[in-house]
Amino acid sequence: MKSIHLRNVSKSYGATPVLSGINLQIEPGEFTVLLGPSGCGKSTLLNIIAGLEDPSGGQLLIGDRDVTTAEPADRGLAMVFQSYALFPTMRVRDNLTFGLRIDRTPRAEIEKRLKWVSELLQIEKLLDRKPGQLSGGQRQRVAIGRALIRSTDVCLFDEPLSNLDAKLRTETRVEIKKLHRDLGTTIVYVTHDQVEAMTMADRVAVLSGGKVEQYDTPQAIYDKPMTRFVAGFLGSPSMNFLSGTLVAENGLRLVRGGGDLDLSGYEVTNGAPAGEAELGIRPEALRLTAPGAGRLRARVESIDLMGADRILWMSVDGRLWSVRVERDRACREGEEIGLDFSAAAASLFSRDTGARL
Amino acid sequence: MTSGSFRSSYRPARVAVLFFLVVALFFYGSLVWTGVISMTSSKLLPVYNFVGFDQYSRLWSTDRWIVSLVNMVIFGVLYVVVSMALGIFLAILLDRNVRGEGVFRAIFLYPFAVSLVVTGLAWRWIFEPAQGVQAIMRGFGFESFAFDWLSDPERAIYTLVIAGVWHSVGFAMIIVLAGLRGIGSDLWKAIRVEGIPLWRGYLQIILPSLWPVVASAVVLLASDVIRAYDLVITLTKGGPGFASDLPAKFAVDHFFGRANIGFASAASILMMLLVVAMLVPYFWAEYRAQKK
């Protein structure tokens with residue numbers, strides 16, 4: 001298994017910068033997800049790692065080898081694509097083994113690996129079919145098989161589950177995770193789906209506007225988003241925000257139109273917080289209280305039944321907030337209610353820079 | 001039922017029936033009539049004294065007909081194969097993101113916009129020893145340079161191939177290029193990551209997946225071969241002698257030049273059977289592909 005180091009990698013198309021100053025250190029055997037909205041540069045970054053596009057600046061190492069300008073085939077990696085990219089006129093068997101035959105792998109070795117991969121992915125019965133005769137899920141298994149059969153140290157996934165339906169997506173997700181655990185390959189996985197990122201990754205790099213916003217474990221990114229963008233991008237429903245001015249005398253307080261909000265107990269990340277700021281609280285970090293009892297006043301606007309729990313949509317300071325409550329909790333639309341939270345579970349972001357305070 | 005709803009529900013069908021009647025009368029009617037005439041001993045005017053398959057057996061003992069058939073095979077195979085091979089090659093070159101692709105596309109496609117009559121005349125001048133390539137080369141001082149295929153019975157047929165390929169190569173290129181443009185970028189990425197050399201990628205993955213496109217182009221080019229008349233008339237006039245005759249020219253000559261319409265009809269019917277024999281496998285393959 002090999003590590004992947006990206007050192008100050010940048011990419012621009014003409015005058016348009018797509019990626020700037022990307023630094024990632026992916027450890028051997030790690031499952032890294034590149035997460036971000038469309039157009040954030042995550043696919044471009046994956047293409048640069050694969051060697052399908054050249055970076056405009058910076059350095060890329062796989063293992064100890066500088067592969068910044070190496071051909072894709074010389075980088076010792078395999079790749080799975082969103083549209084599967086199977087060779088349409090070849091049988092599954094030939095799709096899996098074509099690359100090995102190009103490399104002049106001995107026939108016995110090819111047969112051995114073919115047997116191993118087709119048993120691993122349970123595609124033995126499909127070997128003599130053509131891609132056109134397979135379902136979407138089967139095609140994706142073959143595409144994964146074509147990547148695994150090369151026994152590379154690094155495997156890249158470019159939104160591999162986006163073309164599958166919801167049920168199949170969940171199943172395949174679990175399966176890819178299991179494959180990673182069993183094989184220990186270093187994986188870089190691009191997706192815009194935060195559920196995939198949260199459930200599969202050892203570490204997630206959240207990208208926005210061609211920059212890495214945060215690079216950490218899924219739990220850390222969820223609990224302690226380092227920028228306002230990450231806070232708003234992860235979580236469904238997303239984090240609730242409230243703006244005001246931070247004052248640090250007599251304990252940390254957020255001064256706003258509806259009265260001061262006591263934030264003592266908040267763990268400060270960067271320096272002395274002051275000035276215009278935004279407070280962020282996750283829907284499940286809010287507690288319902290009697291009207292007037294909590295630190296915030298709210299009015300229930302509508303109720304979403306989610307099965308396991310319920311999402312209450314309420315107006316707080318003229319903003320629409322969501323609160324996750326257990327399904328037995330009685331409440332009505334239009335009800336006045338109080339909200340409370342622990343300052344330790346909240347996040348504060350600078351209004352100017354978007355950085356966590 | 002009101003007349004309004006009658007009209008609105010039946011008008012399309014009535015228009016279609018009219019159209020089909022026209023087609024049936026003029027197309028299939030002519031076809032049947034030609035078939036009937038080919039069984040008679042008609043000369044200048046159609047007469048209906050039936051002689052069975054006499055005209056057909058006469059055809060097969062006529063040298064000129066055999067020569068024209070052999071010529072058609074030579075011309076057909078070379079024309080289709082060379083046009084497709086060059087067309088595919090040019091399409092691949094253009095597909096590699098060359099600069100000024102639009103200009104090249106226009107240059108290669110331009111001959112296709114020229115009518116075959118003009119193509120034939122232009123190439124006649126080029127091949128003509130007195131003013132064409134031979135004269136130019138001799139003008140440069142190569143006194144013994146000879147390029148007289150037009151008057152060489154063995155080689156006249158290849159002048160048709162050259163002119164025909166020049167005319168159609170752009171057409172083959174544009175059709176294949178359209179197919180290549182439909183190939184997803186992921187497939188190309190997969191080919192690169194798997195370390196497959198470019199030429200093997202094209203030969204073993206991309207082109208096989210374009211076979212319906214290639215097959216359509218081949219069928220269209222093949223129909224040119226059987227219809228080929230204007231090119232022959234303007235370029236070689238079937239000569240020298242009848243060394244570069246093709247079946248279509250054979251039939252027209254006997255219809256109008258030699259006033260032997262029974263004989264010419266027999267030749268026409270055989271040409272039609274050739275077309276049918278060529279198209280049936282294509283439609284059969286299409287039909288089977290659709291059933292899957």
# chains A, B, ... in the order shown; residues from 1 in each chain; ligands from 1
>>> closest_atom_pairs(of="chain A", to="chain B", cutoff="8 Å", atoms="only C-alpha atoms", output="JSON lines")
{"residue": "A:Ala50", "atom": "CA", "partner": "B:Val193", "partner_atom": "CA", "distance": 7.4}
{"residue": "A:Leu52", "atom": "CA", "partner": "B:Lys189", "partner_atom": "CA", "distance": 6.8}
{"residue": "A:Pro72", "atom": "CA", "partner": "B:Val193", "partner_atom": "CA", "distance": 5.1}
{"residue": "A:Ala73", "atom": "CA", "partner": "B:Gly195", "partner_atom": "CA", "distance": 4.5}
{"residue": "A:Asp74", "atom": "CA", "partner": "B:Gly195", "partner_atom": "CA", "distance": 7.8}
{"residue": "A:Leu77", "atom": "CA", "partner": "B:Val193", "partner_atom": "CA", "distance": 7.5}
{"residue": "A:Ala78", "atom": "CA", "partner": "B:Val193", "partner_atom": "CA", "distance": 6.6}
{"residue": "A:Met79", "atom": "CA", "partner": "B:Val193", "partner_atom": "CA", "distance": 7.0}
{"residue": "A:Phe81", "atom": "CA", "partner": "B:Asp186", "partner_atom": "CA", "distance": 6.5}
{"residue": "A:Gln82", "atom": "CA", "partner": "B:Asp186", "partner_atom": "CA", "distance": 7.9}
{"residue": "A:Ser83", "atom": "CA", "partner": "B:Asp186", "partner_atom": "CA", "distance": 6.8}
{"residue": "A:Tyr84", "atom": "CA", "partner": "B:Asp186", "partner_atom": "CA", "distance": 7.7}
{"residue": "A:Ala85", "atom": "CA", "partner": "B:Leu187", "partner_atom": "CA", "distance": 4.6}
{"residue": "A:Leu86", "atom": "CA", "partner": "B:Leu187", "partner_atom": "CA", "distance": 7.0}
{"residue": "A:Phe87", "atom": "CA", "partner": "B:Ile205", "partner_atom": "CA", "distance": 6.0}
{"residue": "A:Pro88", "atom": "CA", "partner": "B:Ser209", "partner_atom": "CA", "distance": 6.1}
{"residue": "A:Thr89", "atom": "CA", "partner": "B:Ser209", "partner_atom": "CA", "distance": 5.7}
{"residue": "A:Met90", "atom": "CA", "partner": "B:Ile205", "partner_atom": "CA", "distance": 7.8}
{"residue": "A:Gly99", "atom": "CA", "partner": "B:Glu194", "partner_atom": "CA", "distance": 5.3}
{"residue": "A:Ile102", "atom": "CA", "partner": "B:Ile196", "partner_atom": "CA", "distance": 6.5}
{"residue": "A:Asp103", "atom": "CA", "partner": "B:Gly195", "partner_atom": "CA", "distance": 7.9}
>>> write_last_selection(atoms="N, CA, C and O atoms", output="tab-separated table (two decimals), in the first residue's frame")
chain	number	residue	atom	x	y	z
A	50	ALA	N	-4.75	10.78	-10.90
A	50	ALA	CA	-4.71	9.67	-11.86
A	50	ALA	C	-3.72	9.94	-12.99
A	50	ALA	O	-3.29	9.00	-13.66
A	52	LEU	N	-4.59	11.92	-15.52
A	52	LEU	CA	-5.39	12.20	-16.71
A	52	LEU	C	-5.34	13.68	-17.05
A	52	LEU	O	-5.66	14.09	-18.17
A	72	PRO	N	-0.56	7.95	-16.72
A	72	PRO	CA	-1.48	7.26	-15.80
A	72	PRO	C	-1.11	5.80	-15.59
A	72	PRO	O	-1.14	5.31	-14.46
A	73	ALA	N	-0.75	5.12	-16.69
A	73	ALA	CA	-0.51	3.68	-16.58
A	73	ALA	C	0.75	3.38	-15.77
A	73	ALA	O	0.91	2.26	-15.27
A	74	ASP	N	1.64	4.37	-15.61
A	74	ASP	CA	2.89	4.13	-14.88
A	74	ASP	C	2.78	4.51	-13.41
A	74	ASP	O	3.78	4.54	-12.70
A	77	LEU	N	-1.94	2.62	-10.40
A	77	LEU	CA	-3.25	2.84	-9.81
A	77	LEU	C	-4.35	2.31	-10.73
A	77	LEU	O	-4.12	2.05	-11.90
A	78	ALA	N	-5.52	2.13	-10.14
A	78	ALA	CA	-6.68	1.70	-10.91
A	78	ALA	C	-7.79	2.70	-10.64
A	78	ALA	O	-7.73	3.45	-9.67
A	79	MET	N	-8.79	2.71	-11.52
A	79	MET	CA	-9.82	3.74	-11.38
A	79	MET	C	-11.19	3.19	-11.76
A	79	MET	O	-11.32	2.39	-12.67
A	81	PHE	N	-15.17	4.48	-12.67
A	81	PHE	CA	-15.80	5.69	-13.17
A	81	PHE	C	-17.31	5.71	-12.91
A	81	PHE	O	-17.93	4.66	-12.77
A	82	GLN	N	-17.84	6.92	-12.94
A	82	GLN	CA	-19.29	7.09	-12.72
A	82	GLN	C	-20.10	6.36	-13.80
A	82	GLN	O	-21.08	5.71	-13.50
A	83	SER	N	-19.65	6.49	-15.04
A	83	SER	CA	-20.42	5.86	-16.13
A	83	SER	C	-19.88	4.45	-16.42
A	83	SER	O	-20.12	3.91	-17.48
A	84	TYR	N	-19.16	3.87	-15.47
A	84	TYR	CA	-18.60	2.52	-15.53
A	84	TYR	C	-17.48	2.40	-16.55
A	84	TYR	O	-16.47	1.77	-16.27
A	85	ALA	N	-17.68	3.00	-17.76
A	85	ALA	CA	-16.64	3.00	-18.79
A	85	ALA	C	-16.15	1.60	-19.11
A	85	ALA	O	-14.97	1.38	-19.30
A	86	LEU	N	-17.08	0.64	-19.18
A	86	LEU	CA	-16.69	-0.71	-19.61
A	86	LEU	C	-16.48	-0.68	-21.12
A	86	LEU	O	-17.07	0.15	-21.81
A	87	PHE	N	-15.65	-1.60	-21.63
A	87	PHE	CA	-15.43	-1.67	-23.06
A	87	PHE	C	-16.64	-2.36	-23.68
A	87	PHE	O	-16.86	-3.55	-23.46
A	88	PRO	N	-17.45	-1.63	-24.47
A	88	PRO	CA	-18.80	-2.10	-24.80
A	88	PRO	C	-18.87	-3.38	-25.62
A	88	PRO	O	-19.83	-4.12	-25.48
A	89	THR	N	-17.87	-3.64	-26.46
A	89	THR	CA	-18.01	-4.81	-27.32
A	89	THR	C	-17.30	-6.03	-26.74
A	89	THR	O	-17.30	-7.10	-27.36
A	90	MET	N	-16.68	-5.89	-25.57
A	90	MET	CA	-15.96	-7.03	-25.00
A	90	MET	C	-16.80	-7.72	-23.94
A	90	MET	O	-17.54	-7.06	-23.20
A	99	GLY	N	-6.47	-5.22	-19.65
A	99	GLY	CA	-5.32	-4.46	-19.17
A	99	GLY	C	-4.15	-5.37	-18.80
A	99	GLY	O	-2.99	-5.07	-19.11
A	102	ILE	N	-2.48	-6.58	-21.92
A	102	ILE	CA	-1.64	-5.52	-22.47
A	102	ILE	C	-0.29	-5.51	-21.75
A	102	ILE	O	0.76	-5.33	-22.37
A	103	ASP	N	-0.34	-5.71	-20.42
A	103	ASP	CA	0.90	-5.72	-19.63
A	103	ASP	C	1.69	-7.01	-19.78
A	103	ASP	O	2.70	-7.20	-19.11
>>> select_by_dssp(residues="range 89-180 of chain A", states="helix (DSSP H, G or I)", output="MDAnalysis selection string")
chainID A and resid 92:102 107:120 124:126 131:133 136:148 166:180
>>> atom_distance(atom1="CA of Ile311 in chain A", atom2="CA of Ser236 in chain A")
10.4 Å
>>> atom_distance(atom1="CA of Thr62 in chain B", atom2="CA of Tyr79 in chain B")
25.4 Å
>>> residues_around(residues="Ile37 in chain B", least_positions_apart="3", cutoff="6 Å", atoms="only C-alpha atoms", output="list in words")
Thr34, Thr40 and Gly262 of chain B
>>> write_last_selection(atoms="all heavy atoms", output="CSV table (one decimal), in the first residue's frame")
chain,number,residue,atom,x,y,z
B,34,THR,N,-40.5,-3.4,-65.7
B,34,THR,CA,-39.1,-3.8,-66.2
B,34,THR,C,-38.9,-5.3,-66.2
B,34,THR,O,-38.4,-5.9,-67.1
B,34,THR,CB,-38.1,-3.1,-65.3
B,34,THR,OG1,-38.3,-1.7,-65.2
B,34,THR,CG2,-36.7,-3.3,-65.8
B,40,THR,N,-39.3,-10.4,-72.4
B,40,THR,CA,-39.7,-10.3,-73.8
B,40,THR,C,-38.5,-10.1,-74.8
B,40,THR,O,-37.4,-9.8,-74.3
B,40,THR,CB,-40.7,-9.1,-74.0
B,40,THR,OG1,-40.0,-7.9,-73.9
B,40,THR,CG2,-41.8,-9.1,-73.0
B,262,GLY,N,-35.3,-5.0,-74.0
B,262,GLY,CA,-35.5,-6.3,-73.3
B,262,GLY,C,-34.2,-6.7,-72.6
B,262,GLY,O,-34.2,-7.1,-71.4
>>> residues_around(residues="Leu148 in chain A", least_positions_apart="3", cutoff="10 Å", atoms="only C-alpha atoms", output="count of residues only")
23
>>> select_by_dssp(residues="range 5-39 of chain A", states="strand (DSSP E or B)", output="list in words")
His5, Leu6, Arg7, Asn8, Val9, Ser10, Lys11, Ser12, Tyr13, Thr16, Pro17, Val18, Leu19, Ser20, Gly21, Ile22, Asn23, Leu24, Gln25, Ile26, Phe31, Thr32, Val33, Leu34 and Leu35 of chain A
>>> atom_distance(atom1="CA of Lys43 in chain B", atom2="CA of Ala264 in chain B")
9.5 Å
>>> closest_residue(among="A:Thr68, A:Ser342, A:Thr44, A:Ser315", to="Gly294 in chain A", atoms="only C-alpha atoms")
A:Ser342
>>> residues_around(residues="range 97-109 of chain B", least_positions_apart="3", cutoff="12 Å", atoms="only C-alpha atoms", output="ChimeraX atom specification")
/B:83,86-87,90-94,112-114,165-175,177-178,180-181
>>> residues_around(residues="Thr289 in chain A", least_positions_apart="4", cutoff="10 Å", atoms="only C-alpha atoms", output="PyMOL selection string")
chain A and resi 293-297+337-340
>>> write_last_selection(atoms="all heavy atoms", output="tab-separated table (two decimals), in the first residue's frame")
chain	number	residue	atom	x	y	z
A	293	ALA	N	-38.45	29.64	28.74
A	293	ALA	CA	-37.47	29.02	29.64
A	293	ALA	C	-36.09	28.92	28.99
A	293	ALA	O	-35.09	29.15	29.64
A	293	ALA	CB	-37.94	27.63	30.06
A	294	GLY	N	-36.01	28.56	27.69
A	294	GLY	CA	-34.71	28.40	27.04
A	294	GLY	C	-34.08	29.74	26.70
A	294	GLY	O	-34.63	30.80	26.99
A	295	ARG	N	-32.89	29.66	26.06
A	295	ARG	CA	-32.21	30.90	25.71
A	295	ARG	C	-32.80	31.52	24.45
A	295	ARG	O	-32.53	32.65	24.13
A	295	ARG	CB	-30.72	30.62	25.52
A	295	ARG	CG	-29.97	30.72	26.83
A	295	ARG	CD	-28.49	30.41	26.61
A	295	ARG	NE	-28.30	28.97	26.49
A	295	ARG	CZ	-27.11	28.40	26.33
A	295	ARG	NH1	-26.04	29.14	26.23
A	295	ARG	NH2	-26.98	27.10	26.26
A	296	LEU	N	-33.54	30.72	23.66
A	296	LEU	CA	-34.10	31.23	22.42
A	296	LEU	C	-35.60	31.02	22.40
A	296	LEU	O	-36.12	30.07	22.97
A	296	LEU	CB	-33.49	30.49	21.22
A	296	LEU	CG	-32.02	30.78	20.90
A	296	LEU	CD1	-31.45	29.69	20.02
A	296	LEU	CD2	-31.88	32.13	20.22
A	297	ARG	N	-36.30	31.96	21.77
A	297	ARG	CA	-37.75	31.80	21.59
A	297	ARG	C	-38.00	31.39	20.14
A	297	ARG	O	-37.33	31.88	19.23
A	297	ARG	CB	-38.47	33.12	21.86
A	297	ARG	CG	-38.30	33.62	23.26
A	297	ARG	CD	-38.57	35.11	23.28
A	297	ARG	NE	-39.95	35.38	22.94
A	297	ARG	CZ	-40.92	35.51	23.87
A	297	ARG	NH1	-40.63	35.40	25.16
A	297	ARG	NH2	-42.16	35.77	23.51
A	337	ILE	N	-42.60	28.23	21.59
A	337	ILE	CA	-41.81	27.25	22.31
A	337	ILE	C	-40.45	27.87	22.66
A	337	ILE	O	-40.05	28.86	22.07
A	337	ILE	CB	-41.64	25.99	21.40
A	337	ILE	CG1	-41.71	24.71	22.24
A	337	ILE	CG2	-40.40	26.04	20.57
A	337	ILE	CD1	-41.94	23.50	21.40
A	338	GLY	N	-39.77	27.29	23.64
A	338	GLY	CA	-38.42	27.75	23.98
A	338	GLY	C	-37.39	26.75	23.49
A	338	GLY	O	-37.66	25.57	23.33
A	339	LEU	N	-36.16	27.24	23.15
A	339	LEU	CA	-35.09	26.35	22.68
A	339	LEU	C	-33.86	26.59	23.53
A	339	LEU	O	-33.57	27.73	23.92
A	339	LEU	CB	-34.72	26.65	21.24
A	339	LEU	CG	-35.67	26.21	20.14
A	339	LEU	CD1	-35.15	26.68	18.80
A	339	LEU	CD2	-35.82	24.70	20.15
A	340	ASP	N	-33.15	25.52	23.83
A	340	ASP	CA	-31.91	25.69	24.58
A	340	ASP	C	-30.85	24.77	23.99
A	340	ASP	O	-31.18	23.82	23.26
A	340	ASP	CB	-32.11	25.38	26.06
A	340	ASP	CG	-31.13	26.18	26.91
A	340	ASP	OD1	-30.25	26.83	26.32
A	340	ASP	OD2	-31.25	26.13	28.14
>>> residues_around(residues="Ala201 in chain A", least_positions_apart="6", cutoff="9 Å", atoms="only C-alpha atoms", output="CSV table (one decimal) with C-alpha atoms, in the first residue's frame")
chain,number,residue,atom,x,y,z
A,30,GLU,CA,-6.4,5.1,4.1
A,31,PHE,CA,-9.9,5.7,2.6
A,32,THR,CA,-10.0,9.4,1.7
A,33,VAL,CA,-13.1,11.0,0.3
A,177,LYS,CA,-16.2,-0.4,2.5
A,189,TYR,CA,-13.1,8.5,-3.6
A,217,THR,CA,-12.1,12.5,10.1
A,218,PRO,CA,-15.8,12.5,9.3
